[in-house]
$ cat coords_33.tsv   # TSV, C-alpha atoms
chain	number	residue	atom	x	y	z
J	276	MET	CA	-53.22	136.40	142.53
J	277	LEU	CA	-56.32	137.24	140.52
J	278	VAL	CA	-56.18	140.29	138.26
J	279	THR	CA	-58.94	142.06	140.21
J	280	ASN	CA	-57.01	141.43	143.43
J	281	LYS	CA	-53.95	143.04	141.84
J	282	VAL	CA	-56.05	146.01	140.75
J	283	ARG	CA	-57.13	146.62	144.33
J	284	MET	CA	-53.58	146.11	145.63
J	285	ASN	CA	-52.36	148.68	143.10
J	286	ARG	CA	-54.82	151.19	144.51
J	287	LEU	CA	-53.20	150.74	147.93
J	288	PHE	CA	-49.54	150.35	147.07
J	289	HIS	CA	-47.73	152.82	144.88
J	290	HIS	CA	-44.44	151.28	143.76
J	291	GLY	CA	-44.93	148.75	146.55
J	292	LYS	CA	-45.30	151.29	149.37
J	293	CYS	CA	-48.32	152.55	151.34
J	294	LEU	CA	-49.35	154.99	154.06
J	295	ASP	CA	-52.71	153.91	155.46
J	296	VAL	CA	-54.14	156.43	157.95
J	297	ALA	CA	-56.44	154.59	160.37
J	298	ILE	CA	-59.42	156.45	161.82
J	299	ASP	CA	-61.47	153.34	162.63
J	300	HIS	CA	-60.95	153.81	166.39
J	301	GLY	CA	-64.62	154.46	167.18
J	302	ILE	CA	-65.22	150.72	167.01
J	303	ALA	CA	-63.10	150.22	170.16
J	304	ASN	CA	-65.66	151.88	172.48
J	305	GLU	CA	-62.77	153.58	174.30
J	306	PRO	CA	-63.01	157.37	174.95
J	307	ASP	CA	-59.27	158.05	174.74
J	308	PHE	CA	-59.20	156.78	171.16
J	309	LEU	CA	-61.71	159.43	170.09
J	310	ILE	CA	-59.56	162.40	171.08
J	311	GLY	CA	-58.93	164.17	167.77
J	312	LEU	CA	-61.75	162.30	166.03
J	313	GLU	CA	-64.69	164.18	167.55
J	314	ASN	CA	-65.41	165.95	164.25
J	315	ILE	CA	-64.99	162.91	162.01
J	316	GLU	CA	-66.24	164.75	158.92
J	317	GLY	CA	-63.59	167.44	159.37
J	318	VAL	CA	-60.89	164.84	159.98
J	319	MET	CA	-61.84	163.00	156.80
J	320	GLU	CA	-61.92	166.19	154.75
J	321	ASN	CA	-58.43	167.14	155.94
J	322	LEU	CA	-57.03	163.66	155.34
J	323	ILE	CA	-58.42	163.49	151.81
J	324	ALA	CA	-56.73	166.81	151.11
J	325	ALA	CA	-53.46	165.49	152.56
J	326	GLN	CA	-53.60	162.50	150.14
J	327	PRO	CA	-52.16	159.50	151.99
J	328	ASP	CA	-52.34	156.28	149.99
J	329	ALA	CA	-55.28	154.94	152.00
J	330	ILE	CA	-57.69	155.74	154.81
J	331	GLN	CA	-58.93	152.97	157.10
J	332	VAL	CA	-62.46	153.23	158.50
J	333	ASN	CA	-65.44	151.18	159.56
J	334	TYR	CA	-68.54	150.79	157.42
J	335	GLY	CA	-70.47	153.53	159.19
J	336	GLN	CA	-67.90	156.20	158.29
J	337	ALA	CA	-66.88	154.94	154.83
J	338	ASP	CA	-69.41	157.20	153.09
J	339	LEU	CA	-67.41	160.24	154.21
J	340	LEU	CA	-64.59	159.07	151.93
J	341	GLN	CA	-66.48	157.44	149.11
J	342	ARG	CA	-68.98	160.23	148.48
J	343	VAL	CA	-66.08	162.50	147.50
J	344	ALA	CA	-65.50	162.77	143.74
J	345	GLY	CA	-62.10	162.96	142.10
J	346	ARG	CA	-58.70	161.75	143.24
J	347	LYS	CA	-58.73	160.43	146.79
J	348	PRO	CA	-57.07	157.81	149.00
J	349	ALA	CA	-58.10	154.17	148.72
J	350	LEU	CA	-60.55	152.76	151.26
J	351	VAL	CA	-59.46	150.05	153.70
J	352	MET	CA	-62.44	148.73	155.65
J	353	ARG	CA	-62.32	147.06	159.04
J	354	THR	CA	-64.50	143.98	159.30
J	355	ASP	CA	-64.41	143.06	163.00
J	356	VAL	CA	-65.24	144.44	166.42
J	357	GLY	CA	-64.17	143.27	169.88
J	358	ASN	CA	-63.39	144.34	173.43
J	359	ALA	CA	-59.62	143.77	173.57
J	360	TYR	CA	-58.76	147.48	173.28
J	361	ASN	CA	-60.49	148.55	176.48
J	362	ALA	CA	-58.41	149.73	179.40
J	363	ALA	CA	-59.83	147.09	181.77
J	364	ARG	CA	-59.80	143.36	181.03
J	365	HIS	CA	-63.31	141.94	180.63
J	366	ARG	CA	-64.59	138.72	182.14
J	367	GLU	CA	-65.27	137.50	178.61
J	368	MET	CA	-63.01	138.49	175.72
J	369	TRP	CA	-64.54	138.38	172.25
J	370	ALA	CA	-64.02	139.42	168.64
J	371	VAL	CA	-66.68	139.02	165.97
J	372	LEU	CA	-67.25	140.00	162.36
J	373	HIS	CA	-69.72	142.79	161.67
J	374	ASN	CA	-71.52	140.52	159.22
J	375	PRO	CA	-70.48	136.88	159.65
J	376	ASP	CA	-72.78	135.66	156.87
J	377	GLU	CA	-71.49	138.08	154.21
J	378	PRO	CA	-68.32	139.47	155.79
J	379	ILE	CA	-67.10	141.62	152.90
J	380	LEU	CA	-70.43	142.67	151.40
J	381	ALA	CA	-70.16	146.18	152.86
J	382	ALA	CA	-66.58	146.51	151.60
J	383	LEU	CA	-67.69	145.55	148.08
J	384	GLN	CA	-70.62	147.95	148.21
J	385	MET	CA	-68.33	150.80	149.30
J	386	ASP	CA	-65.63	149.91	146.74
J	387	ALA	CA	-62.91	149.15	149.28
J	388	ALA	CA	-59.41	148.29	148.12
J	389	ALA	CA	-58.83	145.89	151.06
J	390	VAL	CA	-60.38	144.62	154.28
J	391	VAL	CA	-58.65	144.28	157.66
J	392	VAL	CA	-59.19	141.94	160.61
J	393	ASN	CA	-57.45	141.31	163.95
J	394	LEU	CA	-55.64	138.20	165.15
J	395	TYR	CA	-55.33	138.61	168.94
J	396	LEU	CA	-52.92	136.56	171.03
J	397	ILE	CA	-53.84	137.36	174.65
J	398	PRO	CA	-52.43	135.32	177.56
J	399	ASP	CA	-55.00	132.95	179.09
J	400	GLU	CA	-57.65	133.94	176.53
J	401	PRO	CA	-57.83	131.06	174.01
J	402	GLY	CA	-61.46	131.83	173.23
J	403	ILE	CA	-60.78	135.16	171.53
J	404	PHE	CA	-57.89	133.60	169.62
J	405	ARG	CA	-60.22	130.90	168.27
J	406	MET	CA	-62.80	133.54	167.30
J	407	CYS	CA	-60.14	135.44	165.35
J	408	VAL	CA	-59.06	132.33	163.46
J	409	GLU	CA	-62.70	131.60	162.62
J	410	ASN	CA	-63.20	135.21	161.48
J	411	ILE	CA	-60.18	134.97	159.21
J	412	GLY	CA	-61.43	131.71	157.73
J	413	ARG	CA	-64.77	133.29	156.78
J	414	LEU	CA	-63.04	136.37	155.39
J	415	ARG	CA	-60.48	134.39	153.39
J	416	GLN	CA	-63.24	132.43	151.68
J	417	ALA	CA	-65.16	135.60	150.81
J	418	CYS	CA	-62.00	137.43	149.72
J	419	ASP	CA	-61.07	134.57	147.40
J	420	ARG	CA	-64.52	134.63	145.85
J	421	TYR	CA	-64.49	138.36	145.15
J	422	ALA	CA	-60.73	139.00	144.78
J	423	MET	CA	-60.51	141.29	147.81
J	424	PRO	CA	-57.08	141.71	149.48
J	425	LEU	CA	-57.07	140.61	153.13
J	426	MET	CA	-55.01	142.53	155.69
J	427	ILE	CA	-54.47	140.62	158.93
J	428	GLU	CA	-53.37	142.43	162.09
J	429	PRO	CA	-51.53	139.97	164.40
J	430	LEU	CA	-51.35	141.44	167.90
J	431	VAL	CA	-49.31	140.00	170.76
J	432	MET	CA	-51.08	141.51	173.75
J	433	ALA	CA	-49.76	142.19	177.24
J	434	PRO	CA	-50.60	139.70	179.99
J	435	ALA	CA	-52.30	142.27	182.23
J	436	GLY	CA	-54.71	144.97	181.11
J	437	GLN	CA	-54.49	146.92	177.88
J	438	GLY	CA	-53.70	150.61	178.44
J	439	ALA	CA	-51.01	152.51	176.55
J	440	ALA	CA	-50.29	151.51	172.94
J	441	TYR	CA	-53.26	149.12	173.03
J	442	GLY	CA	-51.35	146.88	175.44
J	443	SER	CA	-49.46	145.18	172.61
J	444	LEU	CA	-45.90	143.88	172.92
J	445	GLY	CA	-42.87	144.24	170.67
J	446	ASP	CA	-41.38	140.85	171.56
J	447	VAL	CA	-39.96	139.60	168.27
J	448	GLU	CA	-39.93	135.98	169.47
J	449	LYS	CA	-43.72	136.17	169.87
J	450	ILE	CA	-44.51	138.45	166.94
J	451	VAL	CA	-42.74	136.35	164.31
J	452	PRO	CA	-44.71	133.10	164.95
J	453	LEU	CA	-48.01	135.01	165.03
J	454	VAL	CA	-47.18	136.80	161.79
J	455	ARG	CA	-46.23	133.47	160.25
J	456	LEU	CA	-49.60	132.08	161.37
J	457	ALA	CA	-51.39	135.04	159.78
J	458	ARG	CA	-49.61	134.32	156.51
J	459	GLU	CA	-50.47	130.62	156.79
J	460	LEU	CA	-54.13	131.62	157.21
J	461	GLY	CA	-53.98	133.58	153.95
J	462	ALA	CA	-52.92	137.17	154.63
J	463	ASP	CA	-52.28	139.28	151.52
J	464	ILE	CA	-51.02	142.13	153.72
J	465	ILE	CA	-49.67	142.07	157.27
J	466	LYS	CA	-50.12	144.94	159.73
J	467	ALA	CA	-47.64	144.28	162.54
J	468	ASP	CA	-46.34	145.97	165.65
J	469	PRO	CA	-42.76	147.26	165.52
J	470	THR	CA	-40.25	145.10	167.35
J	471	GLU	CA	-38.65	146.41	170.54
J	472	ASN	CA	-35.30	146.33	168.74
J	473	ILE	CA	-35.91	147.95	165.36
J	474	GLU	CA	-33.05	145.94	163.84
J	475	ASP	CA	-35.16	142.80	164.40
J	476	PHE	CA	-38.06	143.94	162.25
J	477	HIS	CA	-36.66	142.34	159.11
J	478	ARG	CA	-37.54	139.00	160.72
J	479	VAL	CA	-41.20	140.03	160.78
J	480	VAL	CA	-41.01	140.99	157.09
J	481	GLU	CA	-39.39	137.67	156.24
J	482	ALA	CA	-42.07	135.72	158.14
J	483	ALA	CA	-44.86	137.65	156.42
J	484	ARG	CA	-43.72	137.00	152.83
J	485	CYS	CA	-46.17	139.67	151.71
J	486	PRO	CA	-46.35	143.48	152.05
J	487	THR	CA	-45.81	144.34	155.71
J	488	LEU	CA	-47.14	147.57	157.19
J	489	VAL	CA	-46.14	148.83	160.62
J	490	ARG	CA	-48.84	149.49	163.19
J	491	GLY	CA	-48.54	152.82	164.99
J	492	GLY	CA	-50.19	152.24	168.37
J	493	GLY	CA	-50.37	155.12	170.84
J	494	LYS	CA	-49.34	158.67	170.09
J	495	GLY	CA	-45.65	159.46	170.53
J	496	GLU	CA	-43.46	162.54	170.23
J	497	LEU	CA	-43.25	163.29	166.51
J	498	GLY	CA	-39.46	163.42	166.10
J	499	PRO	CA	-38.86	159.92	167.51
J	500	VAL	CA	-41.91	158.58	165.65
J	501	LEU	CA	-40.51	159.79	162.32
J	502	ALA	CA	-37.01	158.49	163.09
J	503	LYS	CA	-38.44	155.10	164.05
J	504	SER	CA	-40.56	155.01	160.91
J	505	ALA	CA	-37.52	155.61	158.70
J	506	ALA	CA	-35.60	152.87	160.52
J	507	LEU	CA	-38.47	150.42	160.03
J	508	MET	CA	-38.59	151.17	156.31
J	509	ALA	CA	-34.87	150.37	156.19
J	510	GLN	CA	-35.71	146.98	157.72
J	511	GLY	CA	-38.01	146.15	154.81
J	512	ALA	CA	-41.40	147.50	155.87
J	513	SER	CA	-43.72	148.42	152.99
J	514	GLY	CA	-45.19	151.36	154.87
J	515	MET	CA	-47.26	152.31	157.88
J	516	VAL	CA	-50.78	152.09	159.29
J	517	TYR	CA	-50.81	155.04	161.67
J	518	GLY	CA	-53.82	156.48	163.47
J	519	ARG	CA	-53.22	158.41	166.68
J	520	ASN	CA	-49.72	159.26	165.49
J	521	VAL	CA	-51.42	161.23	162.74
J	522	TYR	CA	-54.79	162.51	163.90
J	523	GLN	CA	-53.81	163.38	167.49
J	524	HIS	CA	-50.94	165.64	166.44
J	525	ASP	CA	-51.42	169.38	166.01
J	526	ASN	CA	-51.25	169.30	162.22
J	527	PRO	CA	-52.22	165.88	160.82
J	528	SER	CA	-51.80	167.01	157.21
J	529	ARG	CA	-48.17	167.88	157.83
J	530	VAL	CA	-47.63	164.53	159.56
J	531	VAL	CA	-49.00	162.80	156.46
J	532	LYS	CA	-46.63	164.82	154.28
J	533	ALA	CA	-43.64	163.87	156.45
J	534	LEU	CA	-44.57	160.17	156.52
J	535	MET	CA	-45.18	160.09	152.77
J	536	ALA	CA	-41.67	161.49	152.28
J	537	ILE	CA	-40.22	158.68	154.40
J	538	ILE	CA	-42.26	155.94	152.71
J	539	HIS	CA	-42.11	157.05	149.08
J	540	GLN	CA	-38.98	159.19	148.87
J	541	GLY	CA	-36.70	157.51	151.39
J	542	ALA	CA	-36.44	160.60	153.61
J	543	SER	CA	-34.65	160.22	156.92
J	544	GLY	CA	-36.33	160.93	160.25
J	545	PRO	CA	-34.67	164.35	160.65
J	546	ASP	CA	-35.47	165.28	157.04
J	547	ALA	CA	-39.09	164.29	157.55
J	548	LEU	CA	-39.29	166.35	160.73
J	549	GLU	CA	-37.98	169.34	158.79
J	550	ILE	CA	-40.66	168.74	156.15
J	551	TYR	CA	-43.27	168.75	158.93
J	552	GLN	CA	-41.90	171.96	160.45
J	553	GLN	CA	-41.74	173.75	157.11
J	554	GLY	CA	-45.30	172.75	156.27
$ encode --input "coords_33.tsv" --output "structure tokens"
Amino acid sequence: MLVTNKVRMNRLFHHGKCLDVAIDHGIANEPDFLIGLENIEGVMENLIAAQPDAIQVNYGQADLLQRVAGRKPALVMRTDVGNAYNAARHREMWAVLHNPDEPILAALQMDAAAVVVNLYLIPDEPGIFRMCVENIGRLRQACDRYAMPLMIEPLVMAPAGQGAAYGSLGDVEKIVPLVRLARELGADIIKADPTENIEDFHRVVEAARCPTLVRGGGKGELGPVLAKSAALMAQGASGMVYGRNVYQHDNPSRVVKALMAIIHQGASGPDALEIYQQG
């Protein structure tokens, strides 16, 4: 790994662990994802104050983070857009890079610490899978040239419609091969769904052979979310990429505090819930 790549990785991972709060949901063109993000400037201000390790956004919102002086979370920038998150299946499924000719130029200009891209596996939709592989190929080449860490998000999608939790599946027998493929394509970081059986998640970590962050999906009740997060860390996860499980709760800053305790201090689920309740 190039030194400059390590520098960016060090901005994301503190002692090998990371909480990346994703607020890039506007790119999905899905109204439900915007609940809690209506005032994006206020959300960003509160998240910067809460100090997670990273905040994940699209290019058009990155200025809200990077114009702030002083100590702040690292920027993770999404590079792709598609229609796989919509509640209804489209006649044509697609996923494209924002800028296929210079796919990480915006990330370099905004001083991102990493870029992220999807790898969709959707039944009977080989076209979108091929597009994702092509996107990753273009990104990997650009990331190698400029020493930018590449986060790949392998998603095993449900066979019918999307809906709750983005329509992704926790089938370990399908997640592991897709994660392995993402690593084969050059992932520096994996963002993966939790497995249905939490005790199976170590297999995902082993297939990734690089820092593995857990994807949050749809909003859940906070107590179970925190308990599940602690269990996933025990299975070898390097942290979390949570969006709606942060910004759609009543007090996102307290959720960040609770998750940071789990990720960086080894707090249990109940202990983290107490941290949230105490503020």
$ closest_residue --input "coords_33.tsv" --among "J:Glu474, J:Asp446, J:Glu428, J:Asp376" --to "J:Arg458" --atoms "only C-alpha atoms"
J:Glu428
$ atom_distance --input "coords_33.tsv" --atom1 "atom CA of J:Gly491" --atom2 "atom CA of J:Gly514"
10.8 Å
$ residues_near_point --input "coords_33.tsv" --point "(-38.3, 138.0, 156.2)" --cutoff "12 Å" --atoms "all atoms listed in the file" --output "count of residues only"
21
$ residues_near_point --input "coords_33.tsv" --point "(-52.1, 143.0, 155.6)" --cutoff "12 Å" --atoms "all atoms listed in the file" --output "PyMOL selection string"
chain J and resi 284+287-288+293+295+351-353+388-394+411+423-429+454+457-458+460-468+480+483-490+512-516
$ residues_around --input "coords_33.tsv" --residues "J:Met385" --least-positions-apart "2" --cutoff "12 Å" --atoms "only C-alpha atoms" --output "list of chain:residue names"
J:Val332, J:Asn333, J:Tyr334, J:Gly335, J:Gln336, J:Ala337, J:Asp338, J:Leu339, J:Leu340, J:Gln341, J:Arg342, J:Ala349, J:Leu350, J:Val351, J:Met352, J:Ile379, J:Leu380, J:Ala381, J:Ala382, J:Leu383, J:Ala387, J:Ala388, J:Ala389, J:Val390
$ closest_residue --input "coords_33.tsv" --among "J:Pro348, J:Val343, J:Pro401, J:His289" --to "J:Glu367" --atoms "all atoms listed in the file"
J:Pro401
$ residues_around --input "coords_33.tsv" --residues "J:Gly445" --least-positions-apart "2" --cutoff "9 Å" --atoms "all atoms listed in the file" --output "list in words"
Val431, Ser443, Val447, Glu448, Lys449, Ile450, Asp468, Pro469, Thr470, Glu471 and Asn472 of chain J
$ closest_residue --input "coords_33.tsv" --among "J:Ala502, J:Glu377, J:Val371, J:Gly311" --to "J:Arg420" --atoms "all atoms listed in the file"
J:Glu377
$ closest_residue --input "coords_33.tsv" --among "J:Ala533, J:Gly544, J:Gly291, J:Pro527" --to "J:Glu320" --atoms "only C-alpha atoms"
J:Pro527
$ atom_distance --input "coords_33.tsv" --atom1 "atom CA of J:His373" --atom2 "atom CA of J:Gln523"
26.7 Å
$ closest_residue --input "coords_33.tsv" --among "J:Asn361, J:Ser504, J:Asn321, J:Asn304" --to "J:Ser543" --atoms "all atoms listed in the file"
J:Ser504
$ atom_distance --input "coords_33.tsv" --atom1 "atom CA of J:Pro398" --atom2 "atom CA of J:Arg364"
11.4 Å
$ residues_around --input "coords_33.tsv" --residues "stretch 547-549 of chain J" --least-positions-apart "6" --cutoff "8 Å" --atoms "all atoms listed in the file" --output "CSV table (one decimal) with C-alpha atoms, in the coordinates of the input"
chain,number,residue,atom,x,y,z
J,497,LEU,CA,-43.2,163.3,166.5
J,498,GLY,CA,-39.5,163.4,166.1
J,501,LEU,CA,-40.5,159.8,162.3
J,533,ALA,CA,-43.6,163.9,156.4
J,534,LEU,CA,-44.6,160.2,156.5
J,536,ALA,CA,-41.7,161.5,152.3
J,537,ILE,CA,-40.2,158.7,154.4
$ axis_aligned_box --input "coords_33.tsv" --around "stretch 512-525 of chain J" --padding-each-side "4 Å" --output "JSON"
{"center_x": -48.1, "center_y": 158.4, "center_z": 160.2, "size_x": 21.4, "size_y": 29.9, "size_z": 22.5}
$ build_atoms --input "coords_33.tsv" --residues "stretch 398-430 of chain J" --atoms "N, CA and C atoms" --output "PDB file, keeping the file's coordinate frame"
ATOM      1  N   PRO J 398     -52.678 136.384 176.584  1.00  0.00           N
ATOM      2  CA  PRO J 398     -52.430 135.320 177.560  1.00  0.00           C
ATOM      3  C   PRO J 398     -53.703 134.871 178.270  1.00  0.00           C
ATOM      4  N   ASP J 399     -53.877 133.566 178.368  1.00  0.00           N
ATOM      5  CA  ASP J 399     -55.000 132.950 179.090  1.00  0.00           C
ATOM      6  C   ASP J 399     -56.356 133.282 178.494  1.00  0.00           C
ATOM      7  N   GLU J 400     -56.381 133.635 177.200  1.00  0.00           N
ATOM      8  CA  GLU J 400     -57.650 133.940 176.530  1.00  0.00           C
ATOM      9  C   GLU J 400     -57.735 133.170 175.207  1.00  0.00           C
ATOM     10  N   PRO J 401     -57.782 131.834 175.260  1.00  0.00           N
ATOM     11  CA  PRO J 401     -57.830 131.060 174.010  1.00  0.00           C
ATOM     12  C   PRO J 401     -59.116 131.269 173.225  1.00  0.00           C
ATOM     13  N   GLY J 402     -60.183 131.661 173.910  1.00  0.00           N
ATOM     14  CA  GLY J 402     -61.460 131.830 173.230  1.00  0.00           C
ATOM     15  C   GLY J 402     -61.415 132.918 172.167  1.00  0.00           C
ATOM     16  N   ILE J 403     -60.826 134.060 172.498  1.00  0.00           N
ATOM     17  CA  ILE J 403     -60.780 135.160 171.530  1.00  0.00           C
ATOM     18  C   ILE J 403     -59.839 134.812 170.381  1.00  0.00           C
ATOM     19  N   PHE J 404     -58.793 134.034 170.674  1.00  0.00           N
ATOM     20  CA  PHE J 404     -57.890 133.600 169.620  1.00  0.00           C
ATOM     21  C   PHE J 404     -58.635 132.707 168.624  1.00  0.00           C
ATOM     22  N   ARG J 405     -59.436 131.783 169.140  1.00  0.00           N
ATOM     23  CA  ARG J 405     -60.220 130.900 168.270  1.00  0.00           C
ATOM     24  C   ARG J 405     -61.203 131.706 167.431  1.00  0.00           C
ATOM     25  N   MET J 406     -61.864 132.700 168.048  1.00  0.00           N
ATOM     26  CA  MET J 406     -62.800 133.540 167.300  1.00  0.00           C
ATOM     27  C   MET J 406     -62.095 134.246 166.147  1.00  0.00           C
ATOM     28  N   CYS J 407     -60.894 134.740 166.401  1.00  0.00           N
ATOM     29  CA  CYS J 407     -60.140 135.440 165.350  1.00  0.00           C
ATOM     30  C   CYS J 407     -59.811 134.509 164.194  1.00  0.00           C
ATOM     31  N   VAL J 408     -59.376 133.293 164.517  1.00  0.00           N
ATOM     32  CA  VAL J 408     -59.060 132.330 163.460  1.00  0.00           C
ATOM     33  C   VAL J 408     -60.316 132.009 162.647  1.00  0.00           C
ATOM     34  N   GLU J 409     -61.449 131.855 163.327  1.00  0.00           N
ATOM     35  CA  GLU J 409     -62.700 131.600 162.620  1.00  0.00           C
ATOM     36  C   GLU J 409     -63.099 132.797 161.752  1.00  0.00           C
ATOM     37  N   ASN J 410     -62.918 134.009 162.271  1.00  0.00           N
ATOM     38  CA  ASN J 410     -63.200 135.210 161.480  1.00  0.00           C
ATOM     39  C   ASN J 410     -62.367 135.234 160.211  1.00  0.00           C
ATOM     40  N   ILE J 411     -61.086 134.939 160.364  1.00  0.00           N
ATOM     41  CA  ILE J 411     -60.180 134.970 159.210  1.00  0.00           C
ATOM     42  C   ILE J 411     -60.581 133.921 158.187  1.00  0.00           C
ATOM     43  N   GLY J 412     -60.994 132.742 158.655  1.00  0.00           N
ATOM     44  CA  GLY J 412     -61.430 131.710 157.730  1.00  0.00           C
ATOM     45  C   GLY J 412     -62.616 132.160 156.889  1.00  0.00           C
ATOM     46  N   ARG J 413     -63.596 132.801 157.524  1.00  0.00           N
ATOM     47  CA  ARG J 413     -64.770 133.290 156.780  1.00  0.00           C
ATOM     48  C   ARG J 413     -64.358 134.398 155.798  1.00  0.00           C
ATOM     49  N   LEU J 414     -63.485 135.276 156.262  1.00  0.00           N
ATOM     50  CA  LEU J 414     -63.040 136.370 155.390  1.00  0.00           C
ATOM     51  C   LEU J 414     -62.231 135.847 154.211  1.00  0.00           C
ATOM     52  N   ARG J 415     -61.333 134.900 154.462  1.00  0.00           N
ATOM     53  CA  ARG J 415     -60.480 134.390 153.390  1.00  0.00           C
ATOM     54  C   ARG J 415     -61.328 133.770 152.282  1.00  0.00           C
ATOM     55  N   GLN J 416     -62.353 133.042 152.670  1.00  0.00           N
ATOM     56  CA  GLN J 416     -63.240 132.430 151.680  1.00  0.00           C
ATOM     57  C   GLN J 416     -63.942 133.499 150.852  1.00  0.00           C
ATOM     58  N   ALA J 417     -64.464 134.526 151.522  1.00  0.00           N
ATOM     59  CA  ALA J 417     -65.160 135.600 150.810  1.00  0.00           C
ATOM     60  C   ALA J 417     -64.186 136.410 149.960  1.00  0.00           C
ATOM     61  N   CYS J 418     -62.990 136.663 150.478  1.00  0.00           N
ATOM     62  CA  CYS J 418     -62.000 137.430 149.720  1.00  0.00           C
ATOM     63  C   CYS J 418     -61.560 136.678 148.476  1.00  0.00           C
ATOM     64  N   ASP J 419     -61.418 135.366 148.567  1.00  0.00           N
ATOM     65  CA  ASP J 419     -61.070 134.570 147.400  1.00  0.00           C
ATOM     66  C   ASP J 419     -62.167 134.653 146.341  1.00  0.00           C
ATOM     67  N   ARG J 420     -63.400 134.619 146.799  1.00  0.00           N
ATOM     68  CA  ARG J 420     -64.520 134.630 145.850  1.00  0.00           C
ATOM     69  C   ARG J 420     -64.602 135.942 145.089  1.00  0.00           C
ATOM     70  N   TYR J 421     -64.313 137.054 145.769  1.00  0.00           N
ATOM     71  CA  TYR J 421     -64.490 138.360 145.150  1.00  0.00           C
ATOM     72  C   TYR J 421     -63.176 139.111 144.915  1.00  0.00           C
ATOM     73  N   ALA J 422     -62.052 138.419 145.065  1.00  0.00           N
ATOM     74  CA  ALA J 422     -60.730 139.000 144.780  1.00  0.00           C
ATOM     75  C   ALA J 422     -60.475 140.266 145.594  1.00  0.00           C
ATOM     76  N   MET J 423     -60.730 140.176 146.896  1.00  0.00           N
ATOM     77  CA  MET J 423     -60.510 141.290 147.810  1.00  0.00           C
ATOM     78  C   MET J 423     -59.252 141.013 148.637  1.00  0.00           C
ATOM     79  N   PRO J 424     -58.264 141.904 148.633  1.00  0.00           N
ATOM     80  CA  PRO J 424     -57.080 141.710 149.480  1.00  0.00           C
ATOM     81  C   PRO J 424     -57.447 141.693 150.967  1.00  0.00           C
ATOM     82  N   LEU J 425     -56.812 140.787 151.696  1.00  0.00           N
ATOM     83  CA  LEU J 425     -57.070 140.610 153.130  1.00  0.00           C
ATOM     84  C   LEU J 425     -55.859 141.053 153.929  1.00  0.00           C
ATOM     85  N   MET J 426     -56.036 142.077 154.762  1.00  0.00           N
ATOM     86  CA  MET J 426     -55.010 142.530 155.690  1.00  0.00           C
ATOM     87  C   MET J 426     -55.298 141.922 157.058  1.00  0.00           C
ATOM     88  N   ILE J 427     -54.331 141.202 157.597  1.00  0.00           N
ATOM     89  CA  ILE J 427     -54.470 140.620 158.930  1.00  0.00           C
ATOM     90  C   ILE J 427     -53.547 141.372 159.888  1.00  0.00           C
ATOM     91  N   GLU J 428     -54.071 141.650 161.073  1.00  0.00           N
ATOM     92  CA  GLU J 428     -53.370 142.430 162.090  1.00  0.00           C
ATOM     93  C   GLU J 428     -53.051 141.526 163.283  1.00  0.00           C
ATOM     94  N   PRO J 429     -51.886 140.839 163.271  1.00  0.00           N
ATOM     95  CA  PRO J 429     -51.530 139.970 164.400  1.00  0.00           C
ATOM     96  C   PRO J 429     -51.038 140.805 165.574  1.00  0.00           C
ATOM     97  N   LEU J 430     -51.662 140.630 166.731  1.00  0.00           N
ATOM     98  CA  LEU J 430     -51.350 141.440 167.900  1.00  0.00           C
ATOM     99  C   LEU J 430     -50.985 140.551 169.077  1.00  0.00           C
TER     100      LEU J 430
END
